[in-house]
$ cat query-v3.pdb   # PDB, C-alpha atoms
ATOM      1  CA  MET A   1      12.694 -34.183 -23.023
ATOM      2  CA  ALA A   2      13.327 -30.473 -22.706
ATOM      3  CA  LYS A   3      11.640 -28.494 -19.998
ATOM      4  CA  GLN A   4       9.059 -26.047 -21.143
ATOM      5  CA  ARG A   5       9.743 -22.527 -20.070
ATOM      6  CA  LYS A   6       6.834 -20.704 -18.480
ATOM      7  CA  VAL A   7       5.962 -17.427 -20.086
ATOM      8  CA  ARG A   8       5.254 -14.704 -17.579
ATOM      9  CA  THR A   9       2.545 -12.320 -18.653
ATOM     10  CA  GLU A  10       2.206  -8.686 -17.712
ATOM     11  CA  ASN A  11      -0.882  -9.459 -15.627
ATOM     12  CA  ALA A  12       1.036 -12.092 -13.664
ATOM     13  CA  ALA A  13       3.791  -9.590 -12.950
ATOM     14  CA  LYS A  14       1.206  -7.015 -11.846
ATOM     15  CA  ARG A  15      -0.428  -9.544  -9.509
ATOM     16  CA  ASP A  16       2.956 -10.364  -7.993
ATOM     17  CA  LEU A  17       3.622  -6.659  -7.403
ATOM     18  CA  VAL A  18       0.230  -6.264  -5.732
ATOM     19  CA  ARG A  19       0.878  -9.289  -3.522
ATOM     20  CA  LEU A  20       4.344  -8.032  -2.573
ATOM     21  CA  CYS A  21       3.084  -4.542  -1.748
ATOM     22  CA  SER A  22       0.196  -5.949   0.255
ATOM     23  CA  PHE A  23       2.610  -8.136   2.232
ATOM     24  CA  ILE A  24       4.979  -5.223   2.889
ATOM     25  CA  ALA A  25       2.090  -3.007   4.005
ATOM     26  CA  LEU A  26       0.759  -5.691   6.335
ATOM     27  CA  LEU A  27       4.195  -6.401   7.804
ATOM     28  CA  LEU A  28       5.077  -2.742   8.374
ATOM     29  CA  ALA A  29       1.644  -1.976   9.817
ATOM     30  CA  ALA A  30       1.929  -4.857  12.282
ATOM     31  CA  VAL A  31       5.445  -3.860  13.345
ATOM     32  CA  LEU A  32       4.585  -0.171  13.706
ATOM     33  CA  ILE A  33       1.424  -0.913  15.703
ATOM     34  CA  LEU A  34       3.302  -3.314  17.967
ATOM     35  CA  ILE A  35       6.183  -0.902  18.576
ATOM     36  CA  ASN A  36       3.867   2.048  19.203
ATOM     37  CA  THR A  37       1.691   0.033  21.597
ATOM     38  CA  ILE A  38       4.579  -1.372  23.626
ATOM     39  CA  LEU A  39       6.316   1.982  23.892
ATOM     40  CA  ARG A  40       3.066   3.750  24.792
ATOM     41  CA  TRP A  41       2.592   1.259  27.653
ATOM     42  CA  CYS A  42       6.066   2.237  28.844
ATOM     43  CA  GLY A  43       5.129   5.911  28.702
ATOM     44  CA  ILE A  44       7.274   6.709  25.667
ATOM     45  CA  GLU A  45       5.876   8.572  22.689
ATOM     46  CA  ILE A  46       7.699   7.643  19.522
ATOM     47  CA  GLY A  47       8.186   9.667  16.384
ATOM     48  CA  GLY A  48      11.013  10.940  14.304
ATOM     49  CA  PRO A  49      12.312  10.422  10.823
ATOM     50  CA  ILE A  50      12.730   6.630  10.945
ATOM     51  CA  ILE A  51       9.175   5.931  12.072
ATOM     52  CA  GLY A  52       7.911   8.558   9.640
ATOM     53  CA  ALA A  53       9.768   6.927   6.748
ATOM     54  CA  LEU A  54       8.485   3.461   7.676
ATOM     55  CA  THR A  55       4.958   4.809   7.886
ATOM     56  CA  LEU A  56       5.304   6.451   4.462
ATOM     57  CA  VAL A  57       6.595   3.191   2.913
ATOM     58  CA  LYS A  58       3.690   1.336   4.524
ATOM     59  CA  ASP A  59       1.177   3.838   3.181
ATOM     60  CA  ILE A  60       2.594   3.698  -0.353
ATOM     61  CA  ALA A  61       2.708  -0.111  -0.327
ATOM     62  CA  LEU A  62      -0.878  -0.177   0.904
ATOM     63  CA  LEU A  63      -1.880   2.201  -1.866
ATOM     64  CA  ILE A  64      -0.277   0.021  -4.536
ATOM     65  CA  GLY A  65      -1.820  -3.075  -2.996
ATOM     66  CA  ILE A  66      -5.355  -1.749  -3.196
ATOM     67  CA  ALA A  67      -5.131   0.577  -6.189
ATOM     68  CA  PHE A  68      -5.077  -2.137  -8.858
ATOM     69  CA  ALA A  69      -8.225  -3.802  -7.553
ATOM     70  CA  ALA A  70      -9.945  -0.462  -7.098
ATOM     71  CA  TRP A  71      -8.939   0.632 -10.613
ATOM     72  CA  SER A  72     -10.500  -2.425 -12.229
ATOM     73  CA  PHE A  73     -13.721  -1.742 -10.322
ATOM     74  CA  ALA A  74     -13.697   1.976 -11.153
ATOM     75  CA  ARG A  75     -12.988   1.381 -14.837
ATOM     76  CA  ALA A  76     -15.942  -0.996 -15.078
ATOM     77  CA  GLY A  77     -18.199   1.460 -13.241
ATOM     78  CA  GLY A  78     -17.962   4.277 -15.735
ATOM     79  CA  LYS A  79     -16.763   7.845 -15.814
ATOM     80  CA  THR A  80     -18.080   8.872 -12.394
ATOM     81  CA  THR A  81     -16.380   6.057 -10.511
ATOM     82  CA  THR A  82     -13.162   6.683 -12.460
ATOM     83  CA  ILE A  83     -13.164  10.330 -11.395
ATOM     84  CA  ILE A  84     -13.895   9.356  -7.793
ATOM     85  CA  PHE A  85     -11.015   6.841  -7.973
ATOM     86  CA  TRP A  86      -8.505   9.469  -9.119
ATOM     87  CA  VAL A  87      -9.670  11.993  -6.526
ATOM     88  CA  ALA A  88      -9.298   9.358  -3.802
ATOM     89  CA  ILE A  89      -5.799   8.449  -5.052
ATOM     90  CA  VAL A  90      -4.712  12.108  -5.010
ATOM     91  CA  VAL A  91      -6.123  12.644  -1.505
ATOM     92  CA  TYR A  92      -4.464   9.446  -0.246
ATOM     93  CA  VAL A  93      -1.052  10.310  -1.702
ATOM     94  CA  ALA A  94      -1.218  13.902  -0.445
ATOM     95  CA  SER A  95      -2.204  12.817   3.041
ATOM     96  CA  ALA A  96       0.459  10.092   3.119
ATOM     97  CA  ILE A  97       3.191  12.528   2.124
ATOM     98  CA  CYS A  98       2.007  15.302   4.416
ATOM     99  CA  GLY A  99       1.367  12.885   7.283
ATOM    100  CA  LEU A 100      -2.264  13.785   7.757
ATOM    101  CA  PHE A 101      -3.343  10.364   8.999
TER     102      PHE A 101
END

$ encode --input "query-v3.pdb" --output "structure tokens"
Amino acid sequence: MAKQRKVRTENAAKRDLVRLCSFIALLLAAVLILINTILRWCGIEIGGPIIGALTLVKDIALLIGIAFAAWSFARAGGKTTTIIFWVAIVVYVASAICGLF
């Protein structure tokens, strides 16, 4: 008997991307919080390009992780919630790139 090959749908691929981005965001957030807390206890303030880049990757992964679920909600809610969704996405991306939070 031949093995049946599973067909991977676009929705399954999207769910895997959301899961991966959510995992990356969680992992980077935990590591950054732990490093910042330990170094703050030692009296060292940390910053610089490496921490900034890791924070940006975390913020983008978090955005991807939550954007798909938020989009499905906003699309079902009508035009007003869709506009609010896009405004929130633009504000989030701008603040992540500019380092406002």

$ atom_distance --input "query-v3.pdb" --atom1 "CA of Ala67 (chain A)" --atom2 "CA of Ile33 (chain A)"
22.9 Å

$ atom_distance --input "query-v3.pdb" --atom1 "CA of Ile89 (chain A)" --atom2 "CA of Phe68 (chain A)"
11.3 Å

$ atom_distance --input "query-v3.pdb" --atom1 "CA of Gly65 (chain A)" --atom2 "CA of Arg19 (chain A)"
6.8 Å

$ residues_around --input "query-v3.pdb" --residues "Val31 (chain A)" --least-positions-apart "5" --cutoff "12 Å" --atoms "only C-alpha atoms" --output "list in words"
Ile24, Ala25, Leu26, Asn36, Thr37, Ile38, Ile51, Leu54, Thr55 and Lys58 of chain A

$ residues_around --input "query-v3.pdb" --residues "Cys21 (chain A)" --least-positions-apart "3" --cutoff "10 Å" --atoms "only C-alpha atoms" --output "MDAnalysis selection string"
chainID A and resid 15:18 24:27 57:66

$ axis_aligned_box --input "query-v3.pdb" --around "region 36-44 of chain A" --padding-each-side "5 Å" --output "JSON"
{"center_x": 4.5, "center_y": 2.7, "center_z": 24.0, "size_x": 15.6, "size_y": 18.1, "size_z": 19.6}

$ closest_residue --input "query-v3.pdb" --among "A:Ala76, A:Ile46, A:Leu56, A:Ala12" --to "Ala96 (chain A)" --atoms "only C-alpha atoms"
A:Leu56

$ resolve_selection --input "query-v3.pdb" --expression "the PyMOL selection byres ((chain A and resi 85) around 10)" --output "ChimeraX atom specification"
/A:67,70-71,73-75,79-84,86-91

$ decode --input "query-v3.pdb" --residues "region 27-61 of chain A" --atoms "N, CA and C atoms" --output "mmCIF file, in the first residue's frame"
data_model
loop_
_atom_site.group_PDB
_atom_site.id
_atom_site.type_symbol
_atom_site.label_atom_id
_atom_site.label_comp_id
_atom_site.auth_asym_id
_atom_site.auth_seq_id
_atom_site.Cartn_x
_atom_site.Cartn_y
_atom_site.Cartn_z
ATOM 1 N N LEU A 27 9.947 33.725 23.131
ATOM 2 C CA LEU A 27 11.315 33.377 23.502
ATOM 3 C C LEU A 27 12.190 34.625 23.637
ATOM 4 N N LEU A 28 12.128 35.511 22.648
ATOM 5 C CA LEU A 28 12.944 36.726 22.715
ATOM 6 C C LEU A 28 12.509 37.639 23.861
ATOM 7 N N ALA A 29 11.212 37.737 24.098
ATOM 8 C CA ALA A 29 10.739 38.563 25.208
ATOM 9 C C ALA A 29 11.246 38.022 26.541
ATOM 10 N N ALA A 30 11.183 36.717 26.721
ATOM 11 C CA ALA A 30 11.652 36.114 27.969
ATOM 12 C C ALA A 30 13.152 36.333 28.155
ATOM 13 N N VAL A 31 13.921 36.141 27.091
ATOM 14 C CA VAL A 31 15.372 36.318 27.191
ATOM 15 C C VAL A 31 15.721 37.779 27.460
ATOM 16 N N LEU A 32 15.086 38.692 26.737
ATOM 17 C CA LEU A 32 15.390 40.114 26.936
ATOM 18 C C LEU A 32 14.996 40.593 28.328
ATOM 19 N N ILE A 33 13.858 40.141 28.822
ATOM 20 C CA ILE A 33 13.430 40.526 30.179
ATOM 21 C C ILE A 33 14.394 39.962 31.221
ATOM 22 N N LEU A 34 14.800 38.724 31.040
ATOM 23 C CA LEU A 34 15.720 38.093 31.984
ATOM 24 C C LEU A 34 17.071 38.800 31.987
ATOM 25 N N ILE A 35 17.613 39.070 30.802
ATOM 26 C CA ILE A 35 18.908 39.743 30.716
ATOM 27 C C ILE A 35 18.828 41.147 31.314
ATOM 28 N N ASN A 36 17.792 41.890 30.948
ATOM 29 C CA ASN A 36 17.657 43.251 31.483
ATOM 30 C C ASN A 36 17.502 43.262 32.989
ATOM 31 N N THR A 37 16.748 42.316 33.535
ATOM 32 C CA THR A 37 16.532 42.253 34.986
ATOM 33 C C THR A 37 17.812 41.899 35.723
ATOM 34 N N ILE A 38 18.512 40.894 35.248
ATOM 35 C CA ILE A 38 19.757 40.475 35.916
ATOM 36 C C ILE A 38 20.796 41.586 35.855
ATOM 37 N N LEU A 39 20.948 42.208 34.701
ATOM 38 C CA LEU A 39 21.943 43.266 34.586
ATOM 39 C C LEU A 39 21.542 44.511 35.379
ATOM 40 N N ARG A 40 20.261 44.789 35.475
ATOM 41 C CA ARG A 40 19.809 45.929 36.276
ATOM 42 C C ARG A 40 20.106 45.694 37.753
ATOM 43 N N TRP A 41 19.963 44.427 38.214
ATOM 44 C CA TRP A 41 20.307 44.109 39.600
ATOM 45 C C TRP A 41 21.795 44.336 39.859
ATOM 46 N N CYS A 42 22.605 44.123 38.832
ATOM 47 C CA CYS A 42 24.047 44.325 38.957
ATOM 48 C C CYS A 42 24.443 45.782 38.766
ATOM 49 N N GLY A 43 23.486 46.641 38.471
ATOM 50 C CA GLY A 43 23.763 48.051 38.297
ATOM 51 C C GLY A 43 24.213 48.416 36.896
ATOM 52 N N ILE A 44 23.948 47.560 35.936
ATOM 53 C CA ILE A 44 24.368 47.797 34.553
ATOM 54 C C ILE A 44 23.140 48.065 33.708
ATOM 55 N N GLU A 45 23.149 49.187 33.017
ATOM 56 C CA GLU A 45 22.080 49.484 32.060
ATOM 57 C C GLU A 45 22.539 48.990 30.696
ATOM 58 N N ILE A 46 21.677 48.257 30.035
ATOM 59 C CA ILE A 46 22.061 47.646 28.767
ATOM 60 C C ILE A 46 21.309 48.310 27.626
ATOM 61 N N GLY A 47 21.958 48.408 26.525
ATOM 62 C CA GLY A 47 21.370 48.976 25.312
ATOM 63 C C GLY A 47 22.260 48.601 24.144
ATOM 64 N N GLY A 48 22.207 49.378 23.127
ATOM 65 C CA GLY A 48 23.087 49.144 22.001
ATOM 66 C C GLY A 48 22.388 48.476 20.842
ATOM 67 N N PRO A 49 23.141 48.284 19.778
ATOM 68 C CA PRO A 49 22.533 47.785 18.548
ATOM 69 C C PRO A 49 22.058 46.332 18.623
ATOM 70 N N ILE A 50 22.733 45.496 19.374
ATOM 71 C CA ILE A 50 22.335 44.078 19.435
ATOM 72 C C ILE A 50 21.011 43.935 20.171
ATOM 73 N N ILE A 51 20.891 44.562 21.315
ATOM 74 C CA ILE A 51 19.638 44.502 22.070
ATOM 75 C C ILE A 51 18.523 45.182 21.286
ATOM 76 N N GLY A 52 18.837 46.284 20.631
ATOM 77 C CA GLY A 52 17.844 46.966 19.807
ATOM 78 C C GLY A 52 17.349 46.102 18.665
ATOM 79 N N ALA A 53 18.260 45.377 18.020
ATOM 80 C CA ALA A 53 17.867 44.491 16.917
ATOM 81 C C ALA A 53 17.021 43.334 17.430
ATOM 82 N N LEU A 54 17.398 42.754 18.563
ATOM 83 C CA LEU A 54 16.609 41.657 19.132
ATOM 84 C C LEU A 54 15.216 42.139 19.541
ATOM 85 N N THR A 55 15.142 43.326 20.064
ATOM 86 C CA THR A 55 13.847 43.886 20.440
ATOM 87 C C THR A 55 12.984 44.129 19.207
ATOM 88 N N LEU A 56 13.589 44.625 18.126
ATOM 89 C CA LEU A 56 12.841 44.845 16.889
ATOM 90 C C LEU A 56 12.324 43.525 16.313
ATOM 91 N N VAL A 57 13.157 42.486 16.309
ATOM 92 C CA VAL A 57 12.722 41.165 15.819
ATOM 93 C C VAL A 57 11.583 40.639 16.679
ATOM 94 N N LYS A 58 11.692 40.826 17.994
ATOM 95 C CA LYS A 58 10.626 40.391 18.898
ATOM 96 C C LYS A 58 9.323 41.123 18.607
ATOM 97 N N ASP A 59 9.423 42.432 18.400
ATOM 98 C CA ASP A 59 8.223 43.224 18.136
ATOM 99 C C ASP A 59 7.567 42.841 16.811
ATOM 100 N N ILE A 60 8.360 42.585 15.794
ATOM 101 C CA ILE A 60 7.810 42.188 14.493
ATOM 102 C C ILE A 60 7.196 40.797 14.576
ATOM 103 N N ALA A 61 7.859 39.874 15.270
ATOM 104 C CA ALA A 61 7.300 38.529 15.426
ATOM 105 C C ALA A 61 6.004 38.571 16.220
#
